[in-house]
Each structure stands twice: as structure tokens, then as C-alpha cells.
Amino acid sequence: MKLASKVLNTFAAAAIATPSTISAMETTCNTPYAVTANRGSGNLSFVTSDGATNFLLPLPTSSGATNAPEPMYVNYSKNKIYVGDRANNAVVVLNPEDLMEEATIISDVCEGIFHQWANEEKLVVACDIDNTVAVINLKDNSIKETIDLMDQGPLSINAMQRPHDIVITPSGDAIFVTILASDGSAMDSILKIDTDTSMVVTRIDLPSGTDPHLGLSATSPDLLYSPQQNLGIVAVYNQEDLTEAQTALVVPNAHGIGTATDGKFVYATNIAAGGIGGLATIEAAVGMIDASLVGSALDTPEAVPHNVAVDDDGFVYVTHSGMAADQLSVYSTDVMTGVPTLEDQYMVGTNPFGLAVVEYQCVDDPAENMPTNRPTRKPIGSKSTKSTKRGKSSRRKRGNDISGKSNKRV
């Protein structure tokens, strides 16, 4: 096992505290922080919303690894950090309470690791070279199964298509995967996999080049949110059969998506406008009330706003990607409207890609794990004019099947 150095890499920016040893991680217990996967520099950044903690950790690799690490996406589940390493076909498991503890390396996961998603029991990984979905059991970090997307009968993908984004429902009953076409001869798609049978049960096709991504919200657990970059929309589907649940929301170049922990607000990035209108706020659907855009999209301080994560205090973290990019922007949000306001931006590793919010409890905290000096969510705007009496009743399936009709949604 190649372990991280006992002294972590730090930034020498005057505005950012730069802890130099692993003991500095103790300052982040009971406080949420973002972990970014820096694809270009092969490391992870750990950053609190106020920037008081900001350091780099080289991504560990196995002793048999032949390539420099290439961290792609990050998840936090069961008090562990899971990082996909595309270059070494591995998932790296870290203990946030002791980052110098020997990492667990899950080897031979698949070739072409890209997006991944975790619930409390499983981590699912989209593999765009093998054209598979890898399913990892989080109880023992074993590879539970590999689902071949080219062996799904009439719902199979072909050699000109590849899996890209992926989510698994909190209950674990279904996995949703986006499919990108290599060229105009094939369609982009979204697949639903029944986890009981490991078979694709529903598929919708989209125009080639749509570039669909996926997100979930706790307030609408039967819906699937899908930013679709080259259609300029965030589509909303019924999870049951992938029919359209409502009129799509117009978000130019919609790409990354992140949801507030209570599920009330969803944030989508406009990845291709140089930061103009780079972060859109969506009030998630509840009951029979459709999802809707809140105000105008916010400009971001850097180009290529890519992926989004939100912490329990309502701070929104956005990675800005690119070959030479190295910035993470952080926003506070209005309690009532969810609208973000830029707080600061911080230097991270090169080409930050995926990210996750991590928070663990302090050990033997005499104050019963109550946080201290914790940044708070700021009530920066006026009270929402929308009704606050939104019910929790199940959302009825509405709308028509959009299979074959997606060319009309622009």
C-alpha cells in the first residue's frame, strides 16, 4: 500500500489556513467539509466552508498499481469516504476520522470508472470502458456483482454507447444510469435497473449528444432529476417508468446537480457559459407541486462550474473543472428561498471533478458532539412567496411517455 505522507501538502495562500499535519483534521469533526477529487493532480482536497481548513491528501494506491491515481468522484457513506480511481480500476476507501489509517483499496472494480453513487448499503459505479455497472457491498467492501449493459436483451446498449452518470435509490430498489453515444449513429439514453434481477427494465432514448446527468431529492423520492446539457433543460421523470412528470425546466447547458440535505432545493450548473448564469436554484417538487426555478441563475466566479454538493448548514460547494483549473467556490444560501450568495473561492488540486460533503462526530466530546465555531446558514433574502404548507402525500404520476419525443423538448 502506498500511504500518504505524514505531512500533508498545503497551500500557502494568506487567506487560507494551512494545517501541516494530520492532527489538524481534528478541527473538522462536527463540522461539514467538502472533499474534492482532483483528477489532474491525483489527490483530494479537504475544505471547510470558511476555508479555515484546506489541505491536500495524495490518493493512496495499492502496491501493485502501475499508474498515477486519477480520482474521479467521491461519496460519503457509513462514515467512510469512497473515491473512484479511474487510472487503476479501483475504489479507495478512507476513514475520515484518521486519514493516516491504511486505506482499503477495492481493486479490479472495472475499466473506465466514471460517476458513482452510494446509499447506506451499496456503492454503484458506472464503467464506460467495460460498459458495465459495478455494485459494491459497503458492509465488507466486496464487489457484489457486475451488471453487463450490453447483455440486457432488447434494452441493451451497443458498442457506440457508454454508461456515464449513475444513482441508486435510498431504498436500493433501483439503479438509474445515463448512456452517452460515441457519435451520431446512436442515441443517448437513461436506463432503469431493477436491483432484484440486475436487469434493465425501462429505457428512454434521447437525442445523440444530449449529455444527461442524474440527481435525487428527498422531498420527491419517486422522481428523477436529469440535467441535459445540450437540450438546455433539467428534465423531471417518474422513477417508476421514466415517463415525464412535468414540463422540463430551462437551464442552459445544465450539467452538474446537487441537492440540499433536506431535499427542498436542487442546484444545477451551467457548465458551458464561462460562469455566466453558472448556478441555478430549483425548488424541488413536493406532493402535487411541480419543481420550479427560483429567481435567476447566479454567475460563478470561475468558468466551467461542474459538480455540486450541499452541506447540512446549506452551504453549496461547486468545483470548477478544466486541465489547469484549481478552484472551489462556496456559497451560503437563503433559508427560505435557497438562493445562493458567493462567500468565497478556494484553491484546490488540479482539475477538481466530483465532490462530496463529509461530517463525522468528535470522539469523546464532552459537549455531546455539539459543534463549536461552526459556520451558520445565512438568511440573506426575503421570505418566499410560495406556500409553506406543502404536503407529504405521494406524488401522482403525470404526463405522457416521452420515449421517442425528446427531440421536441428544447
# chains A, B, ... in the order shown; residues from 1 in each chain; ligands from 1
$ residues_around --residues "Ala260 (chain A)" --least-positions-apart "6" --cutoff "9 Å" --atoms "only C-alpha atoms" --output "list in words"
Ser217, Ala218, Val266, Tyr267, Ala309, Val310, Asp311, Asp312, Gly314, Phe315, Val316 and Gly338 of chain A
$ residues_around --residues "Leu149 (chain A)" --least-positions-apart "2" --cutoff "8 Å" --atoms "only C-alpha atoms" --output "ChimeraX atom specification"
/A:131-133,147,151-152,156-157,200
$ closest_residue --among "A:Met187, A:Val304, A:Cys362, A:Met199" --to "Asp326 (chain A)" --atoms "only C-alpha atoms"
A:Val304
$ select_by_dssp --residues "region 83-226 of chain A" --states "strand (DSSP E)" --output "ChimeraX atom specification"
/A:83-85,90-94,104-106,113-118,122-127,132-137,142-148,161-168,174-181,188-194,199-206,223-226
$ residues_around --residues "region 110-119 of chain A" --least-positions-apart "4" --cutoff "7 Å" --atoms "only C-alpha atoms" --output "compact mmCIF listing (two decimals) with all heavy atoms, in the first residue's frame"
# COMPACT_ATOMS: atom_id res chain seq x y z
N MET A 72 -11.86 10.50 -9.52
CA MET A 72 -12.95 10.99 -10.35
C MET A 72 -14.10 11.57 -9.53
O MET A 72 -14.41 12.75 -9.61
CB MET A 72 -13.46 9.85 -11.23
CG MET A 72 -12.41 9.29 -12.18
SD MET A 72 -11.94 10.45 -13.47
CE MET A 72 -13.45 10.55 -14.42
N TYR A 73 -14.74 10.71 -8.74
CA TYR A 73 -15.89 11.13 -7.93
C TYR A 73 -15.75 10.60 -6.51
O TYR A 73 -15.00 9.65 -6.26
CB TYR A 73 -17.20 10.68 -8.59
CG TYR A 73 -17.53 11.58 -9.77
CD1 TYR A 73 -16.99 11.34 -11.03
CD2 TYR A 73 -18.32 12.72 -9.59
CE1 TYR A 73 -17.24 12.20 -12.09
CE2 TYR A 73 -18.57 13.58 -10.65
CZ TYR A 73 -18.03 13.32 -11.88
OH TYR A 73 -18.26 14.17 -12.92
N ASN A 75 -17.88 9.77 -2.69
CA ASN A 75 -19.11 9.58 -1.93
C ASN A 75 -18.77 9.39 -0.46
O ASN A 75 -17.67 8.96 -0.12
CB ASN A 75 -19.90 8.37 -2.42
CG ASN A 75 -20.39 8.53 -3.83
OD1 ASN A 75 -19.84 7.96 -4.75
ND2 ASN A 75 -21.43 9.32 -4.03
N SER A 77 -20.43 7.55 2.91
CA SER A 77 -21.47 6.67 3.43
C SER A 77 -20.87 5.78 4.51
O SER A 77 -19.69 5.42 4.44
CB SER A 77 -22.06 5.80 2.31
OG SER A 77 -23.10 4.98 2.78
N GLY A 84 -13.41 6.98 -6.52
CA GLY A 84 -13.13 6.18 -7.71
C GLY A 84 -11.80 6.58 -8.33
O GLY A 84 -11.56 7.77 -8.56
N ASP A 85 -10.93 5.61 -8.59
CA ASP A 85 -9.63 5.84 -9.23
C ASP A 85 -9.67 5.22 -10.62
O ASP A 85 -9.47 4.01 -10.80
CB ASP A 85 -8.52 5.21 -8.38
CG ASP A 85 -7.13 5.40 -8.98
OD1 ASP A 85 -7.01 5.99 -10.08
OD2 ASP A 85 -6.14 4.95 -8.35
N ARG A 86 -9.92 6.06 -11.62
CA ARG A 86 -10.10 5.58 -12.99
C ARG A 86 -8.84 4.92 -13.53
O ARG A 86 -8.91 3.89 -14.21
CB ARG A 86 -10.52 6.75 -13.88
CG ARG A 86 -10.79 6.37 -15.34
CD ARG A 86 -11.23 7.59 -16.14
NE ARG A 86 -11.43 7.27 -17.55
CZ ARG A 86 -12.57 6.83 -18.08
NH1 ARG A 86 -13.62 6.64 -17.30
NH2 ARG A 86 -12.67 6.57 -19.37
N ASN A 89 -8.48 1.35 -11.95
CA ASN A 89 -9.66 0.47 -11.89
C ASN A 89 -10.04 0.13 -10.46
O ASN A 89 -10.44 -1.01 -10.16
CB ASN A 89 -9.41 -0.83 -12.67
CG ASN A 89 -8.99 -0.59 -14.10
OD1 ASN A 89 -9.38 0.41 -14.71
ND2 ASN A 89 -8.20 -1.49 -14.66
N LEU A 123 -22.47 0.88 -3.09
CA LEU A 123 -21.87 1.87 -3.98
C LEU A 123 -22.00 1.34 -5.39
O LEU A 123 -21.65 0.18 -5.66
CB LEU A 123 -20.39 2.07 -3.63
CG LEU A 123 -19.61 3.02 -4.54
CD1 LEU A 123 -19.94 4.48 -4.19
CD2 LEU A 123 -18.11 2.79 -4.42
N VAL A 124 -22.53 2.16 -6.28
CA VAL A 124 -22.66 1.74 -7.68
C VAL A 124 -21.75 2.62 -8.53
O VAL A 124 -21.65 3.83 -8.31
CB VAL A 124 -24.12 1.81 -8.17
CG1 VAL A 124 -24.95 0.73 -7.47
CG2 VAL A 124 -24.74 3.18 -7.94
N VAL A 125 -21.09 2.00 -9.49
CA VAL A 125 -20.08 2.68 -10.30
C VAL A 125 -20.37 2.47 -11.77
O VAL A 125 -20.59 1.33 -12.22
CB VAL A 125 -18.67 2.13 -9.98
CG1 VAL A 125 -17.60 2.90 -10.75
CG2 VAL A 125 -18.39 2.18 -8.48
N ALA A 126 -20.39 3.55 -12.54
CA ALA A 126 -20.56 3.47 -13.99
C ALA A 126 -19.18 3.28 -14.63
O ALA A 126 -18.26 4.06 -14.38
CB ALA A 126 -21.22 4.73 -14.53
N CYS A 127 -19.06 2.25 -15.46
CA CYS A 127 -17.78 1.87 -16.05
C CYS A 127 -17.87 2.01 -17.57
O CYS A 127 -18.52 1.19 -18.23
CB CYS A 127 -17.43 0.44 -15.67
SG CYS A 127 -17.60 0.10 -13.90
N ASP A 128 -17.24 3.05 -18.12
CA ASP A 128 -17.51 3.38 -19.52
C ASP A 128 -16.58 2.72 -20.53
O ASP A 128 -16.69 2.98 -21.73
CB ASP A 128 -17.53 4.90 -19.71
CG ASP A 128 -16.19 5.57 -19.49
OD1 ASP A 128 -15.17 4.88 -19.32
OD2 ASP A 128 -16.15 6.82 -19.49
N ILE A 129 -15.67 1.88 -20.07
CA ILE A 129 -14.88 1.06 -21.00
C ILE A 129 -15.45 -0.36 -21.05
O ILE A 129 -15.66 -0.93 -22.12
CB ILE A 129 -13.39 1.04 -20.61
CG1 ILE A 129 -12.80 2.45 -20.75
CG2 ILE A 129 -12.62 0.05 -21.47
CD1 ILE A 129 -11.36 2.57 -20.32
N ASP A 130 -15.73 -0.91 -19.88
CA ASP A 130 -16.35 -2.24 -19.81
C ASP A 130 -17.81 -2.23 -20.22
O ASP A 130 -18.38 -3.29 -20.49
CB ASP A 130 -16.27 -2.78 -18.38
CG ASP A 130 -14.88 -3.25 -18.01
OD1 ASP A 130 -14.03 -3.37 -18.91
OD2 ASP A 130 -14.65 -3.50 -16.81
N ALA A 134 -20.72 -1.60 -11.79
CA ALA A 134 -20.18 -2.38 -10.68
C ALA A 134 -20.95 -2.03 -9.42
O ALA A 134 -21.22 -0.85 -9.15
CB ALA A 134 -18.70 -2.09 -10.50
N HIS A 164 -22.45 6.57 -18.14
CA HIS A 164 -21.79 7.79 -17.68
C HIS A 164 -22.17 8.13 -16.24
O HIS A 164 -21.43 7.85 -15.32
CB HIS A 164 -22.11 8.94 -18.63
CG HIS A 164 -21.37 10.20 -18.31
ND1 HIS A 164 -20.00 10.30 -18.42
CD2 HIS A 164 -21.80 11.42 -17.88
CE1 HIS A 164 -19.62 11.51 -18.06
NE2 HIS A 164 -20.69 12.21 -17.72
N ASP A 165 -23.34 8.73 -16.02
CA ASP A 165 -23.76 9.09 -14.67
C ASP A 165 -24.62 7.98 -14.09
O ASP A 165 -25.19 7.16 -14.83
CB ASP A 165 -24.53 10.41 -14.69
CG ASP A 165 -24.55 11.11 -13.34
OD1 ASP A 165 -23.96 10.58 -12.38
OD2 ASP A 165 -25.17 12.18 -13.23
N ILE A 166 -24.74 7.98 -12.75
CA ILE A 166 -25.43 6.87 -12.10
C ILE A 166 -25.94 7.30 -10.73
O ILE A 166 -25.29 8.10 -10.05
CB ILE A 166 -24.49 5.65 -11.98
CG1 ILE A 166 -25.23 4.40 -11.54
CG2 ILE A 166 -23.31 5.95 -11.04
CD1 ILE A 166 -24.41 3.11 -11.72
N VAL A 167 -27.10 6.79 -10.34
CA VAL A 167 -27.61 6.95 -8.97
C VAL A 167 -28.27 5.64 -8.56
O VAL A 167 -28.75 4.87 -9.40
CB VAL A 167 -28.63 8.11 -8.81
CG1 VAL A 167 -27.99 9.45 -9.12
CG2 VAL A 167 -29.86 7.88 -9.68
N ILE A 168 -28.31 5.39 -7.26
CA ILE A 168 -29.09 4.30 -6.70
C ILE A 168 -30.05 4.91 -5.70
O ILE A 168 -29.70 5.84 -4.96
CB ILE A 168 -28.20 3.22 -6.04
CG1 ILE A 168 -29.05 2.04 -5.53
CG2 ILE A 168 -27.33 3.81 -4.94
CD1 ILE A 168 -28.23 0.84 -5.08
N PRO A 170 -32.34 5.52 -2.38
CA PRO A 170 -32.03 5.25 -0.97
C PRO A 170 -32.47 3.87 -0.50
O PRO A 170 -31.79 3.23 0.30
CB PRO A 170 -32.79 6.36 -0.23
CG PRO A 170 -32.86 7.48 -1.21
CD PRO A 170 -33.04 6.81 -2.55
$ atom_distance --atom1 "CA of Leu279 (chain A)" --atom2 "CA of Phe55 (chain A)"
25.4 Å
$ atom_distance --atom1 "CA of Asp188 (chain A)" --atom2 "CA of His255 (chain A)"
14.5 Å
$ closest_residue --among "A:Ala268, A:Val135, A:Val363, A:Leu355" --to "Pro71 (chain A)" --atoms "only C-alpha atoms"
A:Leu355
